[in-house]
>>> print(open('my_file-v5.csv').read())   # CSV, C-alpha atoms and all ligand atoms
chain,number,residue,atom,x,y,z
A,385,MET,CA,2.5,70.3,100.6
A,386,SER,CA,5.0,71.4,103.3
A,387,THR,CA,8.6,72.3,102.3
A,388,SER,CA,9.7,72.9,105.8
A,389,ALA,CA,11.4,69.5,106.6
A,390,SER,CA,14.6,70.0,108.5
A,391,THR,CA,15.5,66.5,109.6
A,392,GLN,CA,15.5,63.1,107.9
A,393,VAL,CA,13.4,60.2,108.8
A,394,ALA,CA,15.1,57.5,110.9
A,395,GLY,CA,18.5,56.2,109.9
A,396,VAL,CA,17.3,52.6,109.3
A,397,TYR,CA,17.6,50.6,106.1
A,398,HIS,CA,16.6,46.9,105.8
A,399,ARG,CA,17.9,44.4,103.4
A,400,ARG,CA,17.3,40.7,103.0
A,401,LEU,CA,20.1,38.2,102.8
A,402,GLY,CA,18.6,34.8,102.1
A,403,ASP,CA,16.2,34.3,105.0
A,404,ALA,CA,18.0,36.8,107.2
A,405,LEU,CA,17.1,40.4,107.7
A,406,VAL,CA,20.1,42.8,107.8
A,407,THR,CA,19.5,46.3,108.9
A,408,GLY,CA,21.9,49.3,108.4
A,409,LEU,CA,21.6,51.6,111.4
A,410,SER,CA,23.1,55.1,111.5
A,411,ASP,CA,25.0,56.3,114.5
A,412,GLY,CA,25.6,59.6,112.7
A,413,TYR,CA,28.9,61.1,111.3
A,414,VAL,CA,31.8,63.2,112.3
A,415,ASP,CA,33.8,65.7,110.3
A,416,MET,CA,37.5,65.3,110.7
A,417,GLY,CA,40.6,67.3,109.8
A,418,TYR,CA,42.9,66.5,106.8
A,419,THR,CA,45.6,65.5,109.2
A,420,ILE,CA,43.9,62.1,109.7
A,421,PHE,CA,45.5,60.7,106.5
A,422,ARG,CA,48.9,59.2,105.9
A,423,ASN,CA,50.7,58.5,102.6
A,424,ILE,CA,48.9,61.2,100.6
A,425,PRO,CA,49.4,64.9,100.2
A,426,GLU,CA,46.6,67.1,101.5
A,427,GLU,CA,46.0,68.7,98.1
A,428,GLU,CA,45.2,65.3,96.7
A,429,THR,CA,42.7,64.4,99.4
A,430,LYS,CA,41.0,67.7,98.7
A,431,ALA,CA,40.9,67.1,95.0
A,432,ILE,CA,39.4,63.6,95.4
A,433,LEU,CA,36.7,64.9,97.8
A,434,ALA,CA,35.9,67.8,95.5
A,435,ARG,CA,35.7,65.5,92.5
A,436,ASP,CA,33.2,63.3,94.3
A,437,HIS,CA,31.1,66.2,95.5
A,438,ARG,CA,31.9,65.5,99.2
A,439,THR,CA,32.0,67.9,102.0
A,440,SER,CA,35.2,69.4,103.2
A,441,PRO,CA,36.8,68.6,105.6
A,442,PRO,CA,36.4,64.8,105.2
A,443,ARG,CA,33.4,63.2,106.8
A,444,ILE,CA,33.4,59.8,108.5
A,445,SER,CA,30.0,58.3,108.6
A,446,VAL,CA,29.3,55.8,111.5
A,447,ASN,CA,27.0,52.8,111.0
A,448,ALA,CA,26.2,49.6,112.9
A,449,PHE,CA,24.3,46.6,111.5
A,450,ALA,CA,21.7,44.4,112.9
A,451,VAL,CA,21.3,40.8,111.7
A,452,ARG,CA,18.1,39.0,112.5
A,453,MET,CA,17.9,35.3,111.7
A,454,ASP,CA,16.9,32.0,113.3
A,455,SER,CA,14.7,34.0,115.8
A,456,ARG,CA,17.9,35.7,117.1
A,457,THR,CA,19.0,39.3,117.0
A,458,TYR,CA,22.6,40.2,116.5
A,459,LEU,CA,24.2,43.6,116.4
A,460,ILE,CA,27.6,44.2,114.7
A,461,ASP,CA,29.1,47.2,116.6
A,462,CYS,CA,27.0,49.5,118.7
A,463,GLY,CA,27.8,53.2,118.0
A,464,SER,CA,29.6,55.8,120.0
A,465,ALA,CA,27.2,57.0,122.7
A,466,ASP,CA,28.4,60.5,123.8
A,467,LEU,CA,32.1,60.2,122.9
A,468,MET,CA,32.0,61.5,119.3
A,469,GLY,CA,30.1,64.8,119.6
A,470,PRO,CA,26.5,65.9,118.7
A,471,THR,CA,26.4,64.5,115.2
A,472,CYS,CA,27.0,61.0,116.5
A,473,GLY,CA,25.4,58.8,119.2
A,474,ARG,CA,22.2,58.3,117.3
A,475,LEU,CA,22.2,54.5,117.4
A,476,PRO,CA,19.7,54.1,120.3
A,477,GLU,CA,17.0,56.2,118.6
A,478,ASN,CA,17.5,54.3,115.3
A,479,LEU,CA,17.4,50.9,117.0
A,480,ALA,CA,14.1,52.0,118.5
A,481,ALA,CA,12.9,53.1,115.1
A,482,ALA,CA,13.9,49.7,113.7
A,483,GLY,CA,11.8,48.0,116.5
A,484,ILE,CA,14.8,46.5,118.2
A,485,ASP,CA,14.7,46.5,122.0
A,486,PRO,CA,18.3,46.4,123.3
A,487,ALA,CA,17.2,43.7,125.8
A,488,SER,CA,16.3,41.5,122.8
A,489,VAL,CA,19.8,41.6,121.4
A,490,ASP,CA,21.4,38.1,121.8
A,491,ALA,CA,25.0,39.1,120.8
A,492,VAL,CA,27.0,42.2,120.0
A,493,LEU,CA,29.8,41.3,117.6
A,494,LEU,CA,32.6,43.9,117.7
A,495,THR,CA,34.7,44.6,114.7
A,496,HIS,CA,37.1,46.2,117.2
A,497,VAL,CA,37.3,48.2,120.4
A,498,HIS,CA,37.3,51.9,119.3
A,499,PRO,CA,34.8,54.5,120.6
A,500,ASP,CA,32.8,54.7,117.4
A,501,HIS,CA,32.2,50.9,117.5
A,502,SER,CA,32.1,49.9,121.1
A,503,ASN,CA,31.2,52.9,123.2
A,504,GLY,CA,27.5,52.1,123.1
A,505,LEU,CA,27.8,48.9,125.2
A,506,THR,CA,27.7,50.4,128.7
A,507,ASP,CA,26.4,53.5,130.4
A,508,ALA,CA,29.8,54.8,131.4
A,509,ALA,CA,28.3,56.8,134.4
A,510,THR,CA,26.7,53.8,136.1
A,511,GLY,CA,28.4,50.8,134.6
A,512,THR,CA,25.0,49.5,133.4
A,513,ARG,CA,25.1,47.1,130.5
A,514,LEU,CA,22.9,48.6,127.8
A,515,PHE,CA,22.4,45.2,126.1
A,516,PRO,CA,21.6,43.3,129.3
A,517,ASN,CA,21.0,39.9,127.6
A,518,ALA,CA,23.8,40.0,125.0
A,519,GLU,CA,27.0,38.2,124.8
A,520,ILE,CA,29.9,40.3,123.5
A,521,ILE,CA,31.9,38.6,120.7
A,522,VAL,CA,35.3,40.1,120.0
A,523,HIS,CA,38.8,38.9,118.7
A,524,GLU,CA,41.0,37.9,121.6
A,525,ASN,CA,43.8,40.3,120.5
A,526,GLU,CA,41.4,43.3,121.2
A,527,ILE,CA,41.1,42.2,124.9
A,528,ASN,CA,44.8,41.4,125.2
A,529,HIS,CA,45.8,44.8,123.7
A,530,TRP,CA,43.3,47.2,125.3
A,531,PHE,CA,43.7,45.5,128.7
A,532,ASN,CA,47.5,45.5,128.5
A,533,ASP,CA,48.8,48.0,131.2
A,534,GLU,CA,52.2,48.3,129.6
A,535,ALA,CA,50.7,49.3,126.2
A,536,MET,CA,48.3,51.7,127.9
A,537,ALA,CA,51.2,53.4,129.8
A,538,LYS,CA,53.0,53.9,126.5
A,539,ALA,CA,50.0,55.5,124.8
A,540,ALA,CA,49.7,59.3,124.4
A,541,GLU,CA,47.1,61.0,126.6
A,542,ARG,CA,44.2,61.1,124.1
A,543,PRO,CA,44.4,57.5,122.9
A,544,ARG,CA,44.9,56.3,126.4
A,545,ARG,CA,41.7,58.0,127.5
A,546,ARG,CA,39.5,57.3,124.5
A,547,TYR,CA,40.7,53.8,123.5
A,548,PHE,CA,42.2,52.1,126.5
A,549,GLU,CA,40.3,53.6,129.4
A,550,ALA,CA,36.9,54.0,127.5
A,551,GLY,CA,37.3,50.5,126.1
A,552,ARG,CA,37.9,49.0,129.5
A,553,THR,CA,34.9,50.9,130.9
A,554,GLN,CA,32.7,49.5,128.1
A,555,LEU,CA,33.8,45.9,128.4
A,556,LYS,CA,34.3,45.4,132.1
A,557,PRO,CA,30.6,45.0,133.1
A,558,TYR,CA,30.2,42.3,130.5
A,559,MET,CA,33.4,40.5,131.7
A,560,ALA,CA,32.2,40.7,135.3
A,561,ALA,CA,29.0,39.0,134.1
A,562,ASP,CA,31.0,36.4,132.2
A,563,ARG,CA,29.5,37.6,128.9
A,564,VAL,CA,32.5,38.2,126.7
A,565,LYS,CA,33.4,35.5,124.2
A,566,THR,CA,36.7,35.8,122.3
A,567,PHE,CA,37.8,34.1,119.1
A,568,ARG,CA,40.8,33.8,116.8
A,569,LYS,CA,39.0,33.2,113.5
A,570,GLY,CA,36.3,31.0,111.9
A,571,GLU,CA,32.7,30.5,112.8
A,572,VAL,CA,31.6,32.7,115.8
A,573,LEU,CA,27.8,32.1,115.5
A,574,PRO,CA,25.8,29.8,113.2
A,575,GLY,CA,26.1,31.3,109.8
A,576,VAL,CA,28.6,34.0,110.9
A,577,THR,CA,32.4,33.7,110.2
A,578,ALA,CA,35.1,36.0,111.4
A,579,ILE,CA,38.0,37.0,109.2
A,580,PRO,CA,41.0,38.7,111.0
A,581,ILE,CA,42.0,41.9,109.3
A,582,HIS,CA,44.5,43.1,111.9
A,583,GLY,CA,46.3,46.4,111.5
A,584,HIS,CA,43.8,49.1,112.1
A,585,THR,CA,43.7,47.6,115.6
A,586,PRO,CA,45.5,44.3,116.8
A,587,GLY,CA,42.2,42.3,116.7
A,588,HIS,CA,40.3,44.1,114.0
A,589,ALA,CA,37.9,41.6,112.4
A,590,ALA,CA,35.4,41.4,109.5
A,591,TYR,CA,32.3,39.2,109.7
A,592,VAL,CA,30.9,37.2,106.8
A,593,VAL,CA,27.1,36.4,107.1
A,594,SER,CA,26.1,33.6,104.7
A,595,ARG,CA,22.4,32.7,104.2
A,596,GLY,CA,20.8,30.7,101.5
A,597,GLY,CA,23.6,31.1,99.0
A,598,GLU,CA,24.1,34.8,99.6
A,599,SER,CA,27.0,36.3,101.4
A,600,MET,CA,27.7,39.7,102.9
A,601,VAL,CA,30.9,40.9,104.6
A,602,VAL,CA,30.7,43.5,107.3
A,603,TRP,CA,34.2,44.8,106.9
A,604,GLY,CA,34.5,47.1,109.9
A,605,ASP,CA,37.1,49.9,109.3
A,606,THR,CA,38.5,48.5,106.0
A,607,VAL,CA,37.9,52.1,104.9
A,608,HIS,CA,37.3,55.2,107.0
A,609,VAL,CA,36.8,57.8,104.2
A,610,PRO,CA,35.7,55.6,101.3
A,611,GLU,CA,36.3,58.2,98.5
A,612,ILE,CA,40.0,58.4,99.5
A,613,GLN,CA,40.8,54.8,100.5
A,614,VAL,CA,38.9,53.0,97.7
A,615,ALA,CA,40.7,55.2,95.2
A,616,ARG,CA,44.0,54.9,97.1
A,617,PRO,CA,44.1,51.7,99.2
A,618,GLU,CA,47.6,52.6,100.4
A,619,VAL,CA,46.3,55.6,102.3
A,620,THR,CA,46.4,54.8,106.1
A,621,MET,CA,45.0,56.7,109.0
A,622,GLU,CA,46.3,58.5,112.0
A,623,PHE,CA,44.5,56.0,114.3
A,624,ASP,CA,45.8,52.8,112.7
A,625,THR,CA,47.8,50.8,115.3
A,626,ASP,CA,49.9,49.2,112.6
A,627,PRO,CA,49.4,51.2,109.3
A,628,GLU,CA,51.3,48.8,107.1
A,629,ALA,CA,49.3,45.8,108.2
A,630,ALA,CA,46.1,47.9,107.9
A,631,ALA,CA,46.9,48.7,104.3
A,632,ALA,CA,47.7,45.0,103.5
A,633,ALA,CA,44.4,43.9,105.1
A,634,ARG,CA,42.5,46.5,103.1
A,635,GLN,CA,44.0,45.2,99.9
A,636,MET,CA,43.2,41.6,100.9
A,637,MET,CA,39.6,42.6,101.7
A,638,PHE,CA,39.1,44.5,98.4
A,639,ASP,CA,40.4,41.6,96.5
A,640,MET,CA,38.2,39.1,98.3
A,641,VAL,CA,35.1,41.2,97.8
A,642,VAL,CA,35.7,41.6,94.1
A,643,THR,CA,36.8,38.0,93.5
A,644,ASP,CA,33.8,36.5,95.4
A,645,ASP,CA,31.4,39.3,94.3
A,646,MET,CA,30.2,39.9,97.8
A,647,LEU,CA,27.9,42.5,99.2
A,648,VAL,CA,29.7,44.8,101.6
A,649,GLY,CA,28.4,46.4,104.8
A,650,GLY,CA,30.8,49.2,106.0
A,651,MET,CA,30.9,50.9,109.3
A,652,HIS,CA,32.2,54.0,107.6
A,653,LEU,CA,30.5,53.8,104.2
A,654,HIS,CA,28.0,56.6,104.0
A,655,PHE,CA,24.6,55.6,105.3
A,656,PRO,CA,22.9,53.1,104.6
A,657,GLY,CA,26.3,51.5,104.2
A,658,PHE,CA,25.7,48.7,101.7
A,659,GLY,CA,27.5,48.4,98.3
A,660,HIS,CA,29.5,46.3,95.9
A,661,MET,CA,33.0,46.9,94.6
A,662,ARG,CA,34.5,46.5,91.1
A,663,ARG,CA,38.0,46.6,89.8
A,664,GLU,CA,38.9,48.0,86.4
A,665,ALA,CA,42.4,48.4,85.1
A,666,GLY,CA,43.7,47.8,88.6
A,667,ARG,CA,41.6,50.5,90.1
A,668,TYR,CA,38.8,49.9,92.6
A,669,SER,CA,35.5,51.7,92.8
A,670,LEU,CA,32.5,51.3,95.2
A,671,VAL,CA,28.9,51.2,94.0
A,672,ALA,CA,26.3,52.0,96.6
A,673,GLU,CA,23.3,49.7,96.7
A,674,GLN,CA,20.1,50.9,95.1
A,675,TRP,CA,17.2,51.7,97.4
A,676,ALA,CA,14.0,49.5,97.3
A,677,PHE,CA,10.5,49.9,98.7
A,678,GLU,CA,10.2,46.3,99.6
A,679,VAL,CA,12.3,44.6,102.1
B,701,ZN,ZN,35.9,53.3,113.2
>>> encode(input="my_file-v5.csv", output="C-alpha cells")
Amino acid sequence: MSTSASTQVAGVYHRRLGDALVTGLSDGYVDMGYTIFRNIPEEETKAILARDHRTSPPRISVNAFAVRMDSRTYLIDCGSADLMGPTCGRLPENLAAAGIDPASVDAVLLTHVHPDHSNGLTDAATGTRLFPNAEIIVHENEINHWFNDEAMAKAAERPRRRYFEAGRTQLKPYMAADRVKTFRKGEVLPGVTAIPIHGHTPGHAAYVVSRGGESMVVWGDTVHVPEIQVARPEVTMEFDTDPEAAAAARQMMFDMVVTDDMLVGGMHLHFPGFGHMRREAGRYSLVAEQWAFEV
C-alpha cells in the first residue's frame, strides 16, 4: 500500500435534504493575520485557536453549496477565482468533480458581493459569463451599495479595488444580459427563502432551503473564523461594513438555528461546511456533521 499521498481527493461532499441533493464544494482556504479581528485581544484569539488545535495564524475556509432539486441546479456563491491566492480558486475543479457543468447552473444565489463569494461569476479578463445560463439572485442593497459611485470614492484603495471594482466587473456582464434578479426578503426560488442579515455587507443574506420537512440555512458569513466567533459572537471583522449590525445579525442567526434545530451550511465553516449548533449555559458551540458513505 502506498503512503505517498500528497493531496486530498476532490473537495465535494453530498448530503440529502428531503428530495434535494445539497453539495458542499470547497474553493480552498486562506490564512489571515490576527489583525482581522475586532473586540478581542490578540492573546485571546491565539489561546482559542490553540485550544481547538487550529493552525496559527487563523484560517478562513471558503465553501460554496450546490442545491439540486426539481430538475434544477442552483449554486449558492461561486468562489474566488484568482483573487485570493494559490490556496483558493478551486471551485471550478470541484464543480467538475461533482459532475456539475457550469452551463447547467440555472441560478447563482449570492450571499453577498465579496471576492471569496462572487469572484467566480465572470472571467475578468474577457468579461465572459462563466455560468452562461444562470440568473444571479442577490439582495438589492448589494447592487445599490457596490454600484454607488459616492461610496466607492470614499473607500480606501484596497476595498475599492477588491470589493467595488471587482464586484462590478463580476456582475456587469449578467446585468447587460438582463440576468440579475434582486430581492428584499422572502421566497426567491421555489423552496428557497432569503433572510436579510445585513451588517457584514449592506445586503448580506442567508438562504433557507426547505424540503420534505427538513430545513437547512446557508448562512453566508455569519462567522468567518468559527472557533472565534461561535465562542465569542461579539467579535467582528475588519471587513464588516457595519460591525455592530453584523454582530446583531450573528446573534439572531445563532438563536434561530438553535431554536429551530436547523442544519447549517457555512461559507467559512471548515470543509465540508455542514453542522449543527447547541447552546448550553448561554454559550454556543458548533458540531460538525458526521460523514456518511451513502448520500
Ligand atoms: Zn466571506
>>> closest_residue(input="my_file-v5.csv", among="A:Ala537, A:Val642, A:Val497, A:Ala491", to="ligand ZN 701 (chain B)", atoms="only C-alpha atoms and all ligand atoms")
A:Val497
>>> residues_near_ligand(input="my_file-v5.csv", ligand="ligand ZN 701 (chain B)", cutoff="8 Å", atoms="all atoms listed in the file", output="compact mmCIF listing (two decimals) with C-alpha atoms, keeping the file's coordinate frame")
# COMPACT_ATOMS: atom_id res chain seq x y z
CA VAL A 446 29.30 55.80 111.50
CA HIS A 498 37.30 51.90 119.30
CA PRO A 499 34.80 54.50 120.60
CA ASP A 500 32.80 54.70 117.40
CA HIS A 501 32.20 50.90 117.50
CA GLY A 604 34.50 47.10 109.90
CA ASP A 605 37.10 49.90 109.30
CA HIS A 608 37.30 55.20 107.00
CA MET A 651 30.90 50.90 109.30
CA HIS A 652 32.20 54.00 107.60
>>> atom_distance(input="my_file-v5.csv", atom1="atom CA of A:Arg595", atom2="atom CA of A:Arg452")
11.3 Å
>>> atom_distance(input="my_file-v5.csv", atom1="atom CA of A:Cys462", atom2="atom CA of A:Asp436")
28.7 Å
>>> closest_residue(input="my_file-v5.csv", among="A:Gln554, A:Ile432, A:Glu427, A:Val671", to="A:Ala509", atoms="all atoms listed in the file")
A:Gln554
>>> closest_residue(input="my_file-v5.csv", among="A:Leu573, A:Val396, A:Ile612, A:Leu670", to="A:Gly483", atoms="only C-alpha atoms")
A:Val396
>>> closest_residue(input="my_file-v5.csv", among="A:Val451, A:Ala480, A:Ala434, A:Leu505", to="A:Ala465", atoms="only C-alpha atoms")
A:Leu505
>>> residues_around(input="my_file-v5.csv", residues="A:Ile444", least_positions_apart="3", cutoff="8 Å", atoms="only C-alpha atoms", output="list in words")
Tyr413, Val414, Asp415, Met416, His608, Val609, His652, Leu653 and His654 of chain A
>>> axis_aligned_box(input="my_file-v5.csv", around="stretch 660-667 of chain A", padding_each_side="8 Å", output="JSON")
{"center_x": 36.6, "center_y": 48.4, "center_z": 90.5, "size_x": 30.2, "size_y": 20.2, "size_z": 26.8}
>>> atom_distance(input="my_file-v5.csv", atom1="atom CA of A:Leu475", atom2="atom CA of A:Glu549")
21.7 Å
>>> residues_around(input="my_file-v5.csv", residues="A:Gly395", least_positions_apart="4", cutoff="12 Å", atoms="all atoms listed in the file", output="PyMOL selection string")
chain A and resi 391+407-413+445-449+472-482+654-657
>>> residues_around(input="my_file-v5.csv", residues="stretch 576-579 of chain A", least_positions_apart="6", cutoff="12 Å", atoms="all atoms listed in the file", output="number ranges by chain")
A: 404, 451-453, 458-460, 491, 493-496, 521-524, 566-570, 587-595, 599-604, 606, 633, 636-637, 640
>>> closest_residue(input="my_file-v5.csv", among="A:Ala630, A:Met661, A:Met646, A:Ala615", to="A:Ile424", atoms="all atoms listed in the file")
A:Ala615
>>> residues_near_point(input="my_file-v5.csv", point="(41.7, 46.9, 100.9)", cutoff="8 Å", atoms="all atoms listed in the file", output="compact mmCIF listing (two decimals) with C-alpha atoms, in the frame of the given file")
# COMPACT_ATOMS: atom_id res chain seq x y z
CA THR A 606 38.50 48.50 106.00
CA VAL A 607 37.90 52.10 104.90
CA GLN A 613 40.80 54.80 100.50
CA VAL A 614 38.90 53.00 97.70
CA PRO A 617 44.10 51.70 99.20
CA ALA A 631 46.90 48.70 104.30
CA ALA A 632 47.70 45.00 103.50
CA ALA A 633 44.40 43.90 105.10
CA ARG A 634 42.50 46.50 103.10
CA GLN A 635 44.00 45.20 99.90
CA MET A 636 43.20 41.60 100.90
CA MET A 637 39.60 42.60 101.70
CA PHE A 638 39.10 44.50 98.40
CA ASP A 639 40.40 41.60 96.50
>>> closest_atom_pairs(input="my_file-v5.csv", of="stretch 413-519 of chain A", to="stretch 558-564 of chain A", cutoff="12 Å", atoms="all atoms listed in the file", output="CSV")
residue,atom,partner,partner_atom,distance
A:Asp490,CA,A:Arg563,CA,10.8
A:Ala491,CA,A:Arg563,CA,9.4
A:Val492,CA,A:Val564,CA,9.5
A:Leu493,CA,A:Val564,CA,10.0
A:Leu494,CA,A:Val564,CA,10.7
A:Leu505,CA,A:Tyr558,CA,8.8
A:Thr506,CA,A:Tyr558,CA,8.7
A:Asp507,CA,A:Tyr558,CA,11.8
A:Gly511,CA,A:Tyr558,CA,9.6
A:Thr512,CA,A:Tyr558,CA,9.3
A:Arg513,CA,A:Tyr558,CA,7.0
A:Leu514,CA,A:Tyr558,CA,10.0
A:Phe515,CA,A:Tyr558,CA,9.4
A:Pro516,CA,A:Tyr558,CA,8.7
A:Asn517,CA,A:Arg563,CA,8.9
A:Ala518,CA,A:Arg563,CA,7.3
A:Glu519,CA,A:Arg563,CA,4.8
